[in-house]
file target-v1.csv (CSV, C-alpha atoms)
chain,number,residue,atom,x,y,z
S,66,MET,CA,123.1,90.2,134.7
S,67,ARG,CA,121.4,91.2,131.5
S,68,ASN,CA,123.0,92.4,128.3
S,69,LEU,CA,120.8,95.0,126.7
S,70,LEU,CA,121.0,96.1,123.1
S,71,LEU,CA,120.0,99.6,122.1
S,72,LYS,CA,119.4,101.1,118.7
S,73,ILE,CA,119.6,104.9,118.5
S,74,SER,CA,119.6,107.7,116.0
S,75,TYR,CA,121.4,111.0,116.4
S,76,ASP,CA,122.2,114.3,114.7
S,77,GLY,CA,125.9,114.7,115.3
S,78,LYS,CA,126.1,118.4,114.7
S,79,TYR,CA,126.6,119.4,118.3
S,80,TYR,CA,128.6,116.4,119.5
S,81,HIS,CA,132.3,115.6,119.4
S,82,GLY,CA,131.6,112.2,118.0
S,83,TRP,CA,130.5,109.0,119.8
S,84,GLN,CA,133.3,108.2,122.2
S,85,ILE,CA,133.6,109.9,125.6
S,86,GLN,CA,136.1,112.7,125.8
S,87,LYS,CA,137.4,114.5,128.8
S,88,ASN,CA,136.3,118.1,128.0
S,89,ASP,CA,133.7,117.7,125.2
S,90,ILE,CA,130.1,116.6,124.9
S,91,THR,CA,129.8,113.2,123.1
S,92,VAL,CA,126.9,110.9,122.2
S,93,GLN,CA,128.2,108.1,124.3
S,94,GLU,CA,128.4,110.2,127.4
S,95,THR,CA,124.9,111.7,126.9
S,96,VAL,CA,123.3,108.3,126.4
S,97,LYS,CA,125.2,106.7,129.3
S,98,LYS,CA,124.0,109.4,131.7
S,99,ALA,CA,120.4,108.9,130.6
S,100,ILE,CA,120.8,105.1,131.2
S,101,GLN,CA,122.2,105.5,134.6
S,102,LYS,CA,119.3,107.7,135.7
S,103,ILE,CA,117.0,104.9,134.8
S,104,VAL,CA,118.9,101.8,136.1
S,105,ASN,CA,120.4,103.6,139.1
S,106,GLU,CA,123.8,102.0,138.6
S,107,ASP,CA,127.1,102.7,136.8
S,108,VAL,CA,127.1,101.1,133.4
S,109,HIS,CA,129.8,100.6,130.7
S,110,LEU,CA,128.2,101.5,127.4
S,111,THR,CA,129.8,99.9,124.3
S,112,GLY,CA,129.2,101.3,120.8
S,113,CYS,CA,129.3,99.7,117.4
S,114,GLY,CA,132.2,102.0,116.5
S,115,ARG,CA,133.4,105.6,116.6
S,116,THR,CA,131.8,108.4,114.6
S,117,ASP,CA,133.6,111.7,114.1
S,118,THR,CA,132.6,115.1,115.3
S,119,GLY,CA,129.5,116.2,113.3
S,120,VAL,CA,128.8,112.8,111.8
S,121,HIS,CA,125.2,111.5,112.0
S,122,ALA,CA,123.7,108.0,112.6
S,123,GLU,CA,120.3,106.6,111.8
S,124,ASN,CA,120.8,103.1,113.2
S,125,TYR,CA,123.6,103.1,115.7
S,126,VAL,CA,123.8,100.0,117.9
S,127,CYS,CA,125.2,100.0,121.5
S,128,ASN,CA,124.9,97.6,124.5
S,129,PHE,CA,125.4,97.5,128.2
S,130,PHE,CA,125.1,95.1,131.1
S,131,THR,CA,122.8,95.8,134.0
S,132,ASN,CA,121.0,94.3,137.0
S,133,SER,CA,118.0,96.4,136.4
S,134,ARG,CA,114.7,94.6,135.8
S,135,ILE,CA,113.1,97.3,133.6
S,136,PRO,CA,111.4,95.6,130.7
S,137,SER,CA,113.4,96.1,127.5
S,138,GLU,CA,110.3,97.2,125.6
S,139,LYS,CA,109.8,100.1,128.0
S,140,LEU,CA,113.4,101.3,128.0
S,141,PRO,CA,113.2,103.5,124.9
S,142,TYR,CA,110.3,105.4,126.3
S,143,ALA,CA,112.2,105.9,129.6
S,144,LEU,CA,115.4,106.9,127.9
S,145,ASN,CA,113.8,109.4,125.6
S,146,THR,CA,112.5,111.4,128.6
S,147,TYR,CA,116.1,112.1,129.6
S,148,LEU,CA,117.8,112.3,126.1
S,149,PRO,CA,117.9,115.6,124.2
S,150,ASN,CA,115.9,115.9,121.0
S,151,ASP,CA,118.8,115.2,118.7
S,152,ILE,CA,119.3,111.7,120.2
S,153,VAL,CA,116.5,109.1,120.1
S,154,CYS,CA,116.4,105.5,121.3
S,155,PHE,CA,113.9,103.7,119.1
S,156,GLU,CA,114.6,100.0,120.1
S,157,ALA,CA,115.9,97.9,123.0
S,158,GLU,CA,116.1,94.2,123.5
S,159,ASP,CA,117.7,91.6,125.7
S,160,THR,CA,120.6,89.9,123.9
S,161,ASP,CA,123.1,87.1,124.4
S,162,GLU,CA,125.7,87.7,127.1
S,163,ASN,CA,128.4,87.3,124.5
S,164,PHE,CA,127.0,90.0,122.2
S,165,HIS,CA,129.4,93.0,121.6
S,166,SER,CA,128.0,95.8,119.5
S,167,ASN,CA,131.3,96.4,117.8
S,168,SER,CA,133.2,93.1,117.6
S,169,SER,CA,130.0,91.1,116.8
S,170,ALA,CA,129.2,93.3,113.8
S,171,VAL,CA,130.0,91.7,110.4
S,172,LYS,CA,129.4,94.7,108.2
S,173,LYS,CA,128.4,98.4,108.2
S,174,ARG,CA,126.7,100.7,105.8
S,175,TYR,CA,127.5,104.4,105.5
S,176,VAL,CA,125.9,107.0,103.2
S,177,TYR,CA,127.6,110.3,102.2
S,178,LYS,CA,125.5,113.1,100.6
S,179,ILE,CA,126.8,115.9,98.4
S,180,LEU,CA,124.6,118.9,97.4
S,181,ASN,CA,126.0,119.6,93.9
S,182,ARG,CA,124.7,123.0,92.8
S,183,GLU,CA,125.6,126.7,92.7
S,184,PHE,CA,123.9,127.7,95.9
S,185,PRO,CA,123.7,125.9,99.3
S,186,ASP,CA,120.4,125.0,101.0
S,187,ALA,CA,119.4,126.2,104.5
S,188,VAL,CA,118.3,122.7,105.6
S,189,MET,CA,120.6,120.4,103.6
S,190,ASN,CA,123.7,122.3,104.7
S,191,ARG,CA,123.4,120.4,108.0
S,192,TYR,CA,123.3,117.0,106.3
S,193,SER,CA,125.4,117.3,103.1
S,194,TRP,CA,128.5,118.7,101.7
S,195,HIS,CA,127.7,121.7,99.5
S,196,TYR,CA,130.0,121.4,96.4
S,197,LYS,CA,129.2,124.0,93.8
S,198,TYR,CA,131.4,122.9,91.0
S,199,PRO,CA,130.1,120.4,88.3
S,200,LEU,CA,130.8,116.7,89.0
S,201,ASP,CA,130.8,114.0,86.4
S,202,ILE,CA,128.7,111.2,88.0
S,203,GLU,CA,129.8,108.6,85.4
S,204,LYS,CA,133.5,109.1,86.2
S,205,MET,CA,132.7,108.8,89.9
S,206,ARG,CA,131.0,105.5,89.2
S,207,ILE,CA,133.9,104.1,87.2
S,208,ALA,CA,136.3,105.0,90.1
S,209,ALA,CA,134.0,103.5,92.7
S,210,LYS,CA,134.4,100.1,91.2
S,211,ALA,CA,138.1,100.0,92.1
S,212,PHE,CA,137.3,100.0,95.8
S,213,ILE,CA,135.2,96.8,95.7
S,214,GLY,CA,137.0,93.8,97.3
S,215,GLU,CA,139.7,93.4,99.9
S,216,HIS,CA,142.4,96.0,99.9
S,217,ASP,CA,144.9,97.6,102.3
S,218,PHE,CA,143.3,101.0,102.7
S,219,ILE,CA,146.1,102.7,104.7
S,220,GLY,CA,146.1,105.4,101.9
S,221,PHE,CA,142.5,106.2,102.8
S,222,ALA,CA,142.9,106.7,106.5
S,223,SER,CA,143.8,109.7,108.6
S,224,SER,CA,146.6,109.4,111.1
S,225,GLY,CA,146.0,108.9,114.8
S,226,PHE,CA,144.4,105.5,114.8
S,227,SER,CA,145.5,102.1,116.2
S,228,VAL,CA,144.4,98.9,114.6
S,229,LYS,CA,145.9,95.5,114.1
S,230,THR,CA,145.5,95.6,110.3
S,231,THR,CA,144.5,98.3,107.7
S,232,VAL,CA,143.1,95.7,105.3
S,233,ARG,CA,139.3,96.0,104.9
S,234,GLU,CA,136.8,94.6,102.4
S,235,ILE,CA,134.3,96.7,100.6
S,236,TYR,CA,131.2,94.8,99.5
S,237,SER,CA,129.5,97.5,97.5
S,238,LEU,CA,130.1,101.2,96.6
S,239,ASP,CA,127.3,102.9,94.7
S,240,VAL,CA,127.2,106.5,93.4
S,241,ASP,CA,123.8,107.9,92.5
S,242,LYS,CA,122.3,111.3,91.7
S,243,ASN,CA,118.8,112.5,92.4
S,244,GLY,CA,118.2,116.1,91.4
S,245,ASP,CA,121.1,118.0,93.0
S,246,ILE,CA,121.9,115.3,95.6
S,247,ILE,CA,124.7,112.9,94.9
S,248,THR,CA,124.7,109.9,97.2
S,249,ILE,CA,127.7,107.7,97.9
S,250,ASP,CA,126.5,104.4,99.5
S,251,VAL,CA,129.2,102.1,100.9
S,252,VAL,CA,129.0,98.7,102.7
S,253,GLY,CA,132.1,97.1,104.1
S,254,ASN,CA,133.3,94.8,106.9
S,255,GLY,CA,134.8,97.7,108.7
S,256,PHE,CA,136.3,101.2,108.1
S,257,LEU,CA,139.5,103.0,109.1
S,258,TYR,CA,139.6,106.4,110.7
S,259,ASN,CA,138.0,108.9,108.2
S,260,MET,CA,138.1,106.2,105.5
S,261,VAL,CA,134.6,106.9,104.2
S,262,ARG,CA,135.1,110.6,104.2
S,263,ILE,CA,138.4,110.2,102.3
S,264,ILE,CA,136.7,107.9,99.8
S,265,ALA,CA,134.0,110.6,99.3
S,266,GLY,CA,136.6,113.3,98.9
S,267,THR,CA,138.5,111.2,96.4
S,268,LEU,CA,135.4,110.5,94.3
S,269,VAL,CA,134.7,114.3,94.3
S,270,PHE,CA,138.2,114.9,92.9
S,271,VAL,CA,137.4,112.3,90.2
S,272,GLY,CA,134.1,113.9,89.4
S,273,GLY,CA,135.8,117.3,89.2
S,274,GLY,CA,138.5,116.1,86.9
S,275,LYS,CA,141.4,116.3,89.4
S,276,ILE,CA,141.9,112.5,89.4
S,277,ASN,CA,141.6,110.1,86.5
S,278,PRO,CA,139.1,107.4,87.3
S,279,ASN,CA,141.3,104.8,85.6
S,280,ASP,CA,144.1,105.6,88.0
S,281,MET,CA,142.0,104.6,91.1
S,282,THR,CA,143.3,101.0,91.3
S,283,ASP,CA,146.9,102.2,91.2
S,284,ILE,CA,146.1,104.9,93.8
S,285,ILE,CA,144.7,102.3,96.2
S,286,ASN,CA,147.6,99.9,95.7
S,287,SER,CA,150.1,102.7,96.3
S,288,LYS,CA,148.9,103.1,99.9
S,289,ASP,CA,149.9,106.7,99.6
S,290,ARG,CA,147.5,109.1,101.4
S,291,GLU,CA,148.8,112.1,99.3
S,292,ARG,CA,147.5,110.5,96.1
S,293,ALA,CA,144.0,110.3,97.3
S,294,GLY,CA,141.5,113.2,97.6
S,295,ILE,CA,140.7,115.4,100.5
S,296,THR,CA,138.8,114.3,103.6
S,297,ALA,CA,135.2,115.3,102.9
S,298,PRO,CA,133.5,117.4,105.7
S,299,PRO,CA,131.7,115.4,108.4
S,300,GLN,CA,128.1,116.7,108.1
S,301,GLY,CA,127.5,114.7,104.8
S,302,LEU,CA,128.2,111.3,106.5
S,303,CYS,CA,125.6,109.1,108.2
S,304,LEU,CA,125.8,105.6,109.6
S,305,LYS,CA,122.8,103.9,108.1
S,306,GLU,CA,123.0,100.3,109.2
S,307,VAL,CA,125.0,97.8,111.3
S,308,TYR,CA,124.7,94.1,110.4
S,309,TYR,CA,125.2,91.1,112.7
call {"tool": "encode", "arguments": {"input": "target-v1.csv", "output": "structure tokens"}}
result
Amino acid sequence: MRNLLLKISYDGKYYHGWQIQKNDITVQETVKKAIQKIVNEDVHLTGCGRTDTGVHAENYVCNFFTNSRIPSEKLPYALNTYLPNDIVCFEAEDTDENFHSNSSAVKKRYVYKILNREFPDAVMNRYSWHYKYPLDIEKMRIAAKAFIGEHDFIGFASSGFSVKTTVREIYSLDVDKNGDIITIDVVGNGFLYNMVRIIAGTLVFVGGGKINPNDMTDIINSKDRERAGITAPPQGLCLKEVYY
């Protein structure tokens, strides 16, 4: 039996996240159905992690086992004939039988975009958070440094998750501005439920003067969700890369 790795990109606007749900359309279900039409067998599709409703991905990794003999290099072409336009498979390869797209990952990179100007944009509305009030980028950068390293991020997670530990390590967290677009670029060994969106919402509170950047270390150490900022809306978030 072969273990096939897929790399896909998707616009999450019309999907209720990655993971299959009983009454909602998800990315996992859509991709799985397309695979089964090609290999003519039931498959278990494993993803590199959950993405929330409305969140996007440029480089999402998933894998499945199959007895099909279809060449891996032809699989993306076959899949894309059955996938909707907002999901694209751009790479497939045979991988080791022990490979698991989630547990084998060593780090992930997410990018959150904020459109920081008075008026929204008809295109960027779909891929960014329109925040019309002025933001101090330098204060956001100061606060971002506090997240680097290993911490218990329970104060930056939404309820409703089940994990063995809430300790995660952030390797880098960069805040940049190009024109009206502020980009929050974060790399870590893993993220809790809504963690990146809460970090983004907290940095916006810092940039807007609602949180002192020098208090960020204390806020993280407090493990108190109420001291952090809001959960930023999903459309600004995109999974950029998964590293193995």
call {"tool": "residues_around", "arguments": {"input": "target-v1.csv", "residues": "region 240-246 of chain S", "least_positions_apart": "6", "cutoff": "10 Å", "atoms": "all atoms listed in the file", "output": "short mmCIF file (atom, residue, chain, number, x, y, z; two decimals) with C-alpha atoms, keeping the file's coordinate frame"}}
result
data_model
loop_
_atom_site.label_atom_id
_atom_site.label_comp_id
_atom_site.auth_asym_id
_atom_site.auth_seq_id
_atom_site.Cartn_x
_atom_site.Cartn_y
_atom_site.Cartn_z
CA VAL S 176 125.90 107.00 103.20
CA TYR S 177 127.60 110.30 102.20
CA LYS S 178 125.50 113.10 100.60
CA ILE S 179 126.80 115.90 98.40
CA LEU S 180 124.60 118.90 97.40
CA ASN S 181 126.00 119.60 93.90
CA ARG S 182 124.70 123.00 92.80
CA GLU S 183 125.60 126.70 92.70
CA MET S 189 120.60 120.40 103.60
CA SER S 193 125.40 117.30 103.10
CA TRP S 194 128.50 118.70 101.70
CA HIS S 195 127.70 121.70 99.50
CA ILE S 202 128.70 111.20 88.00
CA GLU S 203 129.80 108.60 85.40
CA LYS S 204 133.50 109.10 86.20
CA MET S 205 132.70 108.80 89.90
CA ARG S 206 131.00 105.50 89.20
CA ILE S 207 133.90 104.10 87.20
CA ALA S 208 136.30 105.00 90.10
CA ALA S 209 134.00 103.50 92.70
CA LYS S 210 134.40 100.10 91.20
CA ALA S 265 134.00 110.60 99.30
CA LEU S 268 135.40 110.50 94.30
#
call {"tool": "closest_residue", "arguments": {"input": "target-v1.csv", "among": "S:Ile249, S:Val269, S:Ile219, S:Leu257", "to": "Leu200 (chain S)", "atoms": "all atoms listed in the file"}}
result
S:Val269
call {"tool": "closest_residue", "arguments": {"input": "target-v1.csv", "among": "S:Ile103, S:Cys113, S:Gly301, S:Phe164", "to": "Tyr142 (chain S)", "atoms": "all atoms listed in the file"}}
result
S:Ile103
call {"tool": "closest_residue", "arguments": {"input": "target-v1.csv", "among": "S:Leu238, S:Val228, S:Leu302, S:Ile90", "to": "Glu123 (chain S)", "atoms": "only C-alpha atoms"}}
result
S:Leu302
call {"tool": "closest_residue", "arguments": {"input": "target-v1.csv", "among": "S:Arg233, S:Arg67, S:His165, S:Lys97", "to": "Arg134 (chain S)", "atoms": "all atoms listed in the file"}}
result
S:Arg67
call {"tool": "residues_around", "arguments": {"input": "target-v1.csv", "residues": "Arg115 (chain S)", "least_positions_apart": "2", "cutoff": "8 Å", "atoms": "all atoms listed in the file", "output": "PyMOL selection string"}}
result
chain S and resi 82-84+112-113+117
call {"tool": "atom_distance", "arguments": {"input": "target-v1.csv", "atom1": "CA of Ile85 (chain S)", "atom2": "CA of Glu162 (chain S)"}}
result
23.6 Å
call {"tool": "closest_residue", "arguments": {"input": "target-v1.csv", "among": "S:Asn163, S:Ser169, S:Ser237, S:Ser137", "to": "Val251 (chain S)", "atoms": "all atoms listed in the file"}}
result
S:Ser237
call {"tool": "closest_residue", "arguments": {"input": "target-v1.csv", "among": "S:Ser74, S:Thr111, S:Ser223, S:Gln300", "to": "Asn190 (chain S)", "atoms": "all atoms listed in the file"}}
result
S:Gln300
call {"tool": "residues_around", "arguments": {"input": "target-v1.csv", "residues": "Tyr75 (chain S)", "least_positions_apart": "5", "cutoff": "9 Å", "atoms": "only C-alpha atoms", "output": "ChimeraX atom specification"}}
result
/S:92,120-125,150-154
call {"tool": "write_last_selection", "arguments": {"input": "target-v1.csv", "atoms": "C-alpha atoms", "output": "short mmCIF file (atom, residue, chain, number, x, y, z; two decimals), keeping the file's coordinate frame"}}
result
data_model
loop_
_atom_site.label_atom_id
_atom_site.label_comp_id
_atom_site.auth_asym_id
_atom_site.auth_seq_id
_atom_site.Cartn_x
_atom_site.Cartn_y
_atom_site.Cartn_z
CA VAL S 92 126.90 110.90 122.20
CA VAL S 120 128.80 112.80 111.80
CA HIS S 121 125.20 111.50 112.00
CA ALA S 122 123.70 108.00 112.60
CA GLU S 123 120.30 106.60 111.80
CA ASN S 124 120.80 103.10 113.20
CA TYR S 125 123.60 103.10 115.70
CA ASN S 150 115.90 115.90 121.00
CA ASP S 151 118.80 115.20 118.70
CA ILE S 152 119.30 111.70 120.20
CA VAL S 153 116.50 109.10 120.10
CA CYS S 154 116.40 105.50 121.30
#
call {"tool": "atom_distance", "arguments": {"input": "target-v1.csv", "atom1": "CA of Glu94 (chain S)", "atom2": "CA of Phe155 (chain S)"}}
result
17.9 Å
call {"tool": "build_atoms", "arguments": {"input": "target-v1.csv", "residues": "region 262-298 of chain S", "atoms": "N, CA and C atoms", "output": "PDB file, keeping the file's coordinate frame"}}
result
ATOM      1  N   ARG S 262     134.992 109.213 104.566  1.00  0.00           N
ATOM      2  CA  ARG S 262     135.100 110.600 104.200  1.00  0.00           C
ATOM      3  C   ARG S 262     136.201 110.858 103.168  1.00  0.00           C
ATOM      4  N   ILE S 263     137.279 110.111 103.265  1.00  0.00           N
ATOM      5  CA  ILE S 263     138.400 110.200 102.300  1.00  0.00           C
ATOM      6  C   ILE S 263     137.963 109.635 100.954  1.00  0.00           C
ATOM      7  N   ILE S 264     137.246 108.517 100.996  1.00  0.00           N
ATOM      8  CA  ILE S 264     136.700 107.900  99.800  1.00  0.00           C
ATOM      9  C   ILE S 264     135.798 108.949  99.071  1.00  0.00           C
ATOM     10  N   ALA S 265     134.929 109.583  99.859  1.00  0.00           N
ATOM     11  CA  ALA S 265     134.000 110.600  99.300  1.00  0.00           C
ATOM     12  C   ALA S 265     134.785 111.748  98.691  1.00  0.00           C
ATOM     13  N   GLY S 266     135.786 112.235  99.407  1.00  0.00           N
ATOM     14  CA  GLY S 266     136.600 113.300  98.900  1.00  0.00           C
ATOM     15  C   GLY S 266     137.350 112.972  97.633  1.00  0.00           C
ATOM     16  N   THR S 267     137.790 111.711  97.577  1.00  0.00           N
ATOM     17  CA  THR S 267     138.500 111.200  96.400  1.00  0.00           C
ATOM     18  C   THR S 267     137.581 111.140  95.192  1.00  0.00           C
ATOM     19  N   LEU S 268     136.375 110.634  95.402  1.00  0.00           N
ATOM     20  CA  LEU S 268     135.400 110.500  94.300  1.00  0.00           C
ATOM     21  C   LEU S 268     134.990 111.902  93.798  1.00  0.00           C
ATOM     22  N   VAL S 269     134.941 112.879  94.676  1.00  0.00           N
ATOM     23  CA  VAL S 269     134.700 114.300  94.300  1.00  0.00           C
ATOM     24  C   VAL S 269     135.799 114.778  93.383  1.00  0.00           C
ATOM     25  N   PHE S 270     137.024 114.477  93.760  1.00  0.00           N
ATOM     26  CA  PHE S 270     138.200 114.900  92.900  1.00  0.00           C
ATOM     27  C   PHE S 270     138.088 114.206  91.548  1.00  0.00           C
ATOM     28  N   VAL S 271     137.614 112.970  91.519  1.00  0.00           N
ATOM     29  CA  VAL S 271     137.400 112.300  90.200  1.00  0.00           C
ATOM     30  C   VAL S 271     136.361 112.979  89.417  1.00  0.00           C
ATOM     31  N   GLY S 272     135.219 113.236  90.057  1.00  0.00           N
ATOM     32  CA  GLY S 272     134.100 113.900  89.400  1.00  0.00           C
ATOM     33  C   GLY S 272     134.442 115.275  88.871  1.00  0.00           C
ATOM     34  N   GLY S 273     135.374 115.937  89.575  1.00  0.00           N
ATOM     35  CA  GLY S 273     135.800 117.300  89.200  1.00  0.00           C
ATOM     36  C   GLY S 273     136.948 117.319  88.238  1.00  0.00           C
ATOM     37  N   GLY S 274     137.463 116.153  87.839  1.00  0.00           N
ATOM     38  CA  GLY S 274     138.500 116.100  86.900  1.00  0.00           C
ATOM     39  C   GLY S 274     139.940 116.197  87.433  1.00  0.00           C
ATOM     40  N   LYS S 275     140.076 116.173  88.766  1.00  0.00           N
ATOM     41  CA  LYS S 275     141.400 116.300  89.400  1.00  0.00           C
ATOM     42  C   LYS S 275     142.117 114.928  89.457  1.00  0.00           C
ATOM     43  N   ILE S 276     141.352 113.841  89.413  1.00  0.00           N
ATOM     44  CA  ILE S 276     141.900 112.500  89.400  1.00  0.00           C
ATOM     45  C   ILE S 276     141.275 111.704  88.287  1.00  0.00           C
ATOM     46  N   ASN S 277     142.095 110.985  87.533  1.00  0.00           N
ATOM     47  CA  ASN S 277     141.600 110.100  86.500  1.00  0.00           C
ATOM     48  C   ASN S 277     140.972 108.877  87.061  1.00  0.00           C
ATOM     49  N   PRO S 278     139.718 108.554  86.724  1.00  0.00           N
ATOM     50  CA  PRO S 278     139.100 107.400  87.300  1.00  0.00           C
ATOM     51  C   PRO S 278     139.831 106.075  87.030  1.00  0.00           C
ATOM     52  N   ASN S 279     140.531 106.026  85.908  1.00  0.00           N
ATOM     53  CA  ASN S 279     141.300 104.800  85.600  1.00  0.00           C
ATOM     54  C   ASN S 279     142.542 104.634  86.394  1.00  0.00           C
ATOM     55  N   ASP S 280     142.908 105.662  87.168  1.00  0.00           N
ATOM     56  CA  ASP S 280     144.100 105.600  88.000  1.00  0.00           C
ATOM     57  C   ASP S 280     143.733 105.083  89.443  1.00  0.00           C
ATOM     58  N   MET S 281     142.459 104.864  89.701  1.00  0.00           N
ATOM     59  CA  MET S 281     142.000 104.600  91.100  1.00  0.00           C
ATOM     60  C   MET S 281     142.638 103.301  91.634  1.00  0.00           C
ATOM     61  N   THR S 282     142.690 102.255  90.848  1.00  0.00           N
ATOM     62  CA  THR S 282     143.300 101.000  91.300  1.00  0.00           C
ATOM     63  C   THR S 282     144.734 101.202  91.729  1.00  0.00           C
ATOM     64  N   ASP S 283     145.475 101.934  90.913  1.00  0.00           N
ATOM     65  CA  ASP S 283     146.900 102.200  91.200  1.00  0.00           C
ATOM     66  C   ASP S 283     147.018 103.084  92.469  1.00  0.00           C
ATOM     67  N   ILE S 284     146.107 104.029  92.651  1.00  0.00           N
ATOM     68  CA  ILE S 284     146.100 104.900  93.800  1.00  0.00           C
ATOM     69  C   ILE S 284     145.900 104.072  95.099  1.00  0.00           C
ATOM     70  N   ILE S 285     144.933 103.168  95.041  1.00  0.00           N
ATOM     71  CA  ILE S 285     144.700 102.300  96.200  1.00  0.00           C
ATOM     72  C   ILE S 285     145.864 101.440  96.519  1.00  0.00           C
ATOM     73  N   ASN S 286     146.423 100.832  95.486  1.00  0.00           N
ATOM     74  CA  ASN S 286     147.600  99.900  95.700  1.00  0.00           C
ATOM     75  C   ASN S 286     148.825 100.659  96.136  1.00  0.00           C
ATOM     76  N   SER S 287     148.904 101.943  95.860  1.00  0.00           N
ATOM     77  CA  SER S 287     150.100 102.700  96.300  1.00  0.00           C
ATOM     78  C   SER S 287     150.168 102.924  97.761  1.00  0.00           C
ATOM     79  N   LYS S 288     149.014 102.859  98.442  1.00  0.00           N
ATOM     80  CA  LYS S 288     148.900 103.100  99.900  1.00  0.00           C
ATOM     81  C   LYS S 288     149.443 104.449 100.302  1.00  0.00           C
ATOM     82  N   ASP S 289     149.368 105.389  99.371  1.00  0.00           N
ATOM     83  CA  ASP S 289     149.900 106.700  99.600  1.00  0.00           C
ATOM     84  C   ASP S 289     148.742 107.702  99.814  1.00  0.00           C
ATOM     85  N   ARG S 290     148.628 108.220 101.029  1.00  0.00           N
ATOM     86  CA  ARG S 290     147.500 109.100 101.400  1.00  0.00           C
ATOM     87  C   ARG S 290     147.538 110.375 100.482  1.00  0.00           C
ATOM     88  N   GLU S 291     148.685 110.843 100.076  1.00  0.00           N
ATOM     89  CA  GLU S 291     148.800 112.100  99.300  1.00  0.00           C
ATOM     90  C   GLU S 291     148.214 111.934  97.894  1.00  0.00           C
ATOM     91  N   ARG S 292     148.077 110.709  97.425  1.00  0.00           N
ATOM     92  CA  ARG S 292     147.500 110.500  96.100  1.00  0.00           C
ATOM     93  C   ARG S 292     146.012 110.464  96.069  1.00  0.00           C
ATOM     94  N   ALA S 293     145.418 110.260  97.232  1.00  0.00           N
ATOM     95  CA  ALA S 293     144.000 110.300  97.300  1.00  0.00           C
ATOM     96  C   ALA S 293     143.449 111.688  97.438  1.00  0.00           C
ATOM     97  N   GLY S 294     142.130 111.841  97.522  1.00  0.00           N
ATOM     98  CA  GLY S 294     141.500 113.200  97.600  1.00  0.00           C
ATOM     99  C   GLY S 294     141.496 113.686  99.034  1.00  0.00           C
ATOM    100  N   ILE S 295     140.799 114.790  99.216  1.00  0.00           N
ATOM    101  CA  ILE S 295     140.700 115.400 100.500  1.00  0.00           C
ATOM    102  C   ILE S 295     139.737 114.604 101.428  1.00  0.00           C
ATOM    103  N   THR S 296     139.755 114.903 102.706  1.00  0.00           N
ATOM    104  CA  THR S 296     138.800 114.300 103.600  1.00  0.00           C
ATOM    105  C   THR S 296     137.522 115.170 103.561  1.00  0.00           C
ATOM    106  N   ALA S 297     136.442 114.586 103.084  1.00  0.00           N
ATOM    107  CA  ALA S 297     135.200 115.300 102.900  1.00  0.00           C
ATOM    108  C   ALA S 297     134.678 115.760 104.313  1.00  0.00           C
ATOM    109  N   PRO S 298     133.968 116.873 104.393  1.00  0.00           N
ATOM    110  CA  PRO S 298     133.500 117.400 105.700  1.00  0.00           C
ATOM    111  C   PRO S 298     132.505 116.396 106.340  1.00  0.00           C
TER     112      PRO S 298
END
